[in-house]
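Shown next, in structure tokens, is the structure this report addresses.
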Amino acid sequence: MRKKFLPLKNRESQTLSQIKTQQQYYLQSATSDNTRKTYQSAIRHFQASNKPLPATSDDIIHYLVSYADELNPRTLSLRISALSQWHSYQGFTDPTQNPLVKKILKGIHREHGMPKEKAKALSIQDIVIMGKYLLQQEQTALQARNFCLLLLGFFGAFRRSELIAINKEDITWEDEGIIIQLARSKTDQYGKGIQRVIPYAAHAFCPVIALKNWLSIVNIEYGPIFRPINRWDQIQNKRLSAGAINLFLKKLATACQLEDIDKISSHSLRRGLSTSAARLGVDFAHIKKQGGWKNDNTVWEYIEEGEQFNDNASKRLLDAMQALLKK
């Protein structure tokens, strides 16, 4: 995590050291913390394979060939991107731009490429099963938090980083529901802000009522709404970790005897909203808006997944065959 930096007001009093500190801060701000950690890990892996930095194109090729059978091609591509950035920022010639390096990487993708493993999309039926299980449990702070987490995560189509980032002051209460305004998101690195609108519902699985109930228990004036809870059902004064959401969902899915437990993660809520909405015929623009997706192709992928049994050529033929069999 980067340290917050306060710019000096008196420019004339800035020393060279202070200017360099400013420079370093803004350079770091240009890249997200997660991306920086990933790139640093890639550089460490390259060096651990006894390859020098700066590297030559031959070093890069030898690295690619050595790990082609071991690492996913997407992982190798990411590490080549990290090496490219390192050489560019250090002022060295970028060896990854060599045509032979690009050709070999392309060959590795064609030979070893595999479909990207996707998180299981939790359906409306899954959410009902999981929600009912929670409601049947003892009414504790943990139960109230988890019920709220499940519903808000699903109907808000939040990424887990967004979900744990919600502060009480980010929530605006309206007669029709709530508006959650977050300052930043994964695809909003420049702080334009993202917004989720979640309406009230006239049933027990209303995410707005679940949130209101949880907030009455946590009893906070400001700060993170989702917080860790210890074994004595005591709410901790800090933000819930991102990893805790995955653990909670897998544990809950296991208790509910859902399928594909290993494919369930926080992203299952986000994918679930989009595919479930697509099955119900919700308009593309509305799905895209609710999830805050920037890429239309990502949304269409989710819609196609949700409608794959409805908009299906074989289904039409099977229906036609059923009519013939009745004769």
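Each chain of the structure tokens is named A, B, ... in the order shown, its residues numbered from 1; ligands are numbered from 1 in display order.
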
Write out as a list in words the residues lying within 12 Å of A:Pro95, counting only C-alpha atoms and excluding same-chain residues fewer than 5 positions away.
Leu53, Pro54, Ala55, Thr56, Ser57, Asp58, Asp59, Ile60, Ile61, Ile80, Ser81, Ala82, Leu83, Ser84, Gln85, Trp86, His87, Ser88, Leu100, Val101 and Lys102 of chain A

Export, as a PDB file, in the first residue's frame, the selected residues with N, CA and C atoms.
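The file below, result-v2.pdb, is the result:
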ATOM      1  N   LEU A  53      19.543  -9.328 -15.330  1.00  0.00           N
ATOM      2  CA  LEU A  53      18.861  -8.086 -15.688  1.00  0.00           C
ATOM      3  C   LEU A  53      19.911  -6.984 -15.760  1.00  0.00           C
ATOM      4  N   PRO A  54      19.984  -6.221 -16.842  1.00  0.00           N
ATOM      5  CA  PRO A  54      19.114  -6.336 -18.012  1.00  0.00           C
ATOM      6  C   PRO A  54      19.350  -7.639 -18.776  1.00  0.00           C
ATOM      7  N   ALA A  55      18.309  -8.070 -19.489  1.00  0.00           N
ATOM      8  CA  ALA A  55      18.368  -9.343 -20.205  1.00  0.00           C
ATOM      9  C   ALA A  55      18.520  -9.118 -21.704  1.00  0.00           C
ATOM     10  N   THR A  56      18.947 -10.166 -22.386  1.00  0.00           N
ATOM     11  CA  THR A  56      19.003 -10.148 -23.848  1.00  0.00           C
ATOM     12  C   THR A  56      17.790 -10.900 -24.380  1.00  0.00           C
ATOM     13  N   SER A  57      17.568 -10.785 -25.661  1.00  0.00           N
ATOM     14  CA  SER A  57      16.443 -11.516 -26.260  1.00  0.00           C
ATOM     15  C   SER A  57      16.656 -13.019 -26.116  1.00  0.00           C
ATOM     16  N   ASP A  58      17.911 -13.466 -26.167  1.00  0.00           N
ATOM     17  CA  ASP A  58      18.205 -14.894 -25.976  1.00  0.00           C
ATOM     18  C   ASP A  58      17.840 -15.344 -24.565  1.00  0.00           C
ATOM     19  N   ASP A  59      18.096 -14.476 -23.575  1.00  0.00           N
ATOM     20  CA  ASP A  59      17.708 -14.795 -22.194  1.00  0.00           C
ATOM     21  C   ASP A  59      16.195 -14.970 -22.084  1.00  0.00           C
ATOM     22  N   ILE A  60      15.470 -14.079 -22.731  1.00  0.00           N
ATOM     23  CA  ILE A  60      14.000 -14.130 -22.692  1.00  0.00           C
ATOM     24  C   ILE A  60      13.497 -15.406 -23.362  1.00  0.00           C
ATOM     25  N   ILE A  61      14.076 -15.726 -24.510  1.00  0.00           N
ATOM     26  CA  ILE A  61      13.659 -16.927 -25.249  1.00  0.00           C
ATOM     27  C   ILE A  61      13.933 -18.183 -24.426  1.00  0.00           C
ATOM     28  N   ILE A  80       6.280 -11.485 -19.357  1.00  0.00           N
ATOM     29  CA  ILE A  80       6.990 -10.792 -20.435  1.00  0.00           C
ATOM     30  C   ILE A  80       6.626  -9.308 -20.418  1.00  0.00           C
ATOM     31  N   SER A  81       5.371  -8.993 -20.122  1.00  0.00           N
ATOM     32  CA  SER A  81       4.951  -7.588 -20.005  1.00  0.00           C
ATOM     33  C   SER A  81       5.691  -6.898 -18.870  1.00  0.00           C
ATOM     34  N   ALA A  82       5.858  -7.609 -17.749  1.00  0.00           N
ATOM     35  CA  ALA A  82       6.580  -7.052 -16.606  1.00  0.00           C
ATOM     36  C   ALA A  82       8.039  -6.781 -16.969  1.00  0.00           C
ATOM     37  N   LEU A  83       8.648  -7.730 -17.681  1.00  0.00           N
ATOM     38  CA  LEU A  83      10.051  -7.562 -18.099  1.00  0.00           C
ATOM     39  C   LEU A  83      10.192  -6.414 -19.093  1.00  0.00           C
ATOM     40  N   SER A  84       9.214  -6.272 -19.956  1.00  0.00           N
ATOM     41  CA  SER A  84       9.224  -5.174 -20.926  1.00  0.00           C
ATOM     42  C   SER A  84       9.184  -3.835 -20.206  1.00  0.00           C
ATOM     43  N   GLN A  85       8.288  -3.734 -19.225  1.00  0.00           N
ATOM     44  CA  GLN A  85       8.175  -2.481 -18.480  1.00  0.00           C
ATOM     45  C   GLN A  85       9.454  -2.184 -17.698  1.00  0.00           C
ATOM     46  N   TRP A  86      10.044  -3.219 -17.083  1.00  0.00           N
ATOM     47  CA  TRP A  86      11.258  -3.010 -16.296  1.00  0.00           C
ATOM     48  C   TRP A  86      12.371  -2.433 -17.168  1.00  0.00           C
ATOM     49  N   HIS A  87      12.584  -3.030 -18.343  1.00  0.00           N
ATOM     50  CA  HIS A  87      13.656  -2.563 -19.229  1.00  0.00           C
ATOM     51  C   HIS A  87      13.389  -1.135 -19.728  1.00  0.00           C
ATOM     52  N   SER A  88      12.142  -0.844 -20.053  1.00  0.00           N
ATOM     53  CA  SER A  88      11.806   0.496 -20.556  1.00  0.00           C
ATOM     54  C   SER A  88      12.040   1.563 -19.501  1.00  0.00           C
ATOM     55  N   LEU A 100      11.519 -12.548 -32.763  1.00  0.00           N
ATOM     56  CA  LEU A 100      11.623 -13.972 -32.444  1.00  0.00           C
ATOM     57  C   LEU A 100      10.978 -14.278 -31.093  1.00  0.00           C
ATOM     58  N   VAL A 101      11.135 -13.370 -30.126  1.00  0.00           N
ATOM     59  CA  VAL A 101      10.492 -13.543 -28.819  1.00  0.00           C
ATOM     60  C   VAL A 101       8.978 -13.579 -28.994  1.00  0.00           C
ATOM     61  N   LYS A 102       8.442 -12.656 -29.767  1.00  0.00           N
ATOM     62  CA  LYS A 102       6.994 -12.591 -29.987  1.00  0.00           C
ATOM     63  C   LYS A 102       6.481 -13.836 -30.700  1.00  0.00           C
TER      64      LYS A 102
END

Tell me, in Å to one decimal, how far atom CA of A:Ala210 is from atom CA of A:Phe284.
27.4 Å

Using DSSP secondary structure from the backbone, list all strand (DSSP E or B) positions within stretch 41-176 of chain A, as a ChimeraX atom specification.
/A:167,171-173

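Each of A:Asn237, A:Ser265, A:Asn246, A:Ser123 was checked against A:Glu305 using only C-alpha atoms; the smallest atom-to-atom distance is that of A:Ser123.
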
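Atom pair atom CA of A:Ile171 / atom CA of A:Phe154 has a distance of 16.9 Å (rounded to one decimal).
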
Write down as a PyMOL selection string the residues belonging to stretch 73-126 of chain A that are assigned alpha helix (DSSP H) by DSSP computed on the backbone.
chain A and resi 73-89+99-112+124-126

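Proximity ranking of A:Arg145, A:Gln290, A:Ser241, A:Phe158 relative to A:Val218 places A:Arg145 first, based on only C-alpha atoms.
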
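When atom CA of A:Lys289 is paired with atom CA of A:Ile124, their separation reads 19.3 Å.
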
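Minimum atom-to-atom distances from A:Gln125, A:Thr254, A:Thr96, A:Gln234 to A:Ser77 were compared using only C-alpha atoms, and the lowest value belongs to A:Thr96.
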
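Considering only C-alpha atoms, the residue among A:Asn167, A:Asn310, A:Gly177, A:Lys288 positioned nearest to A:Arg239 is A:Asn167.
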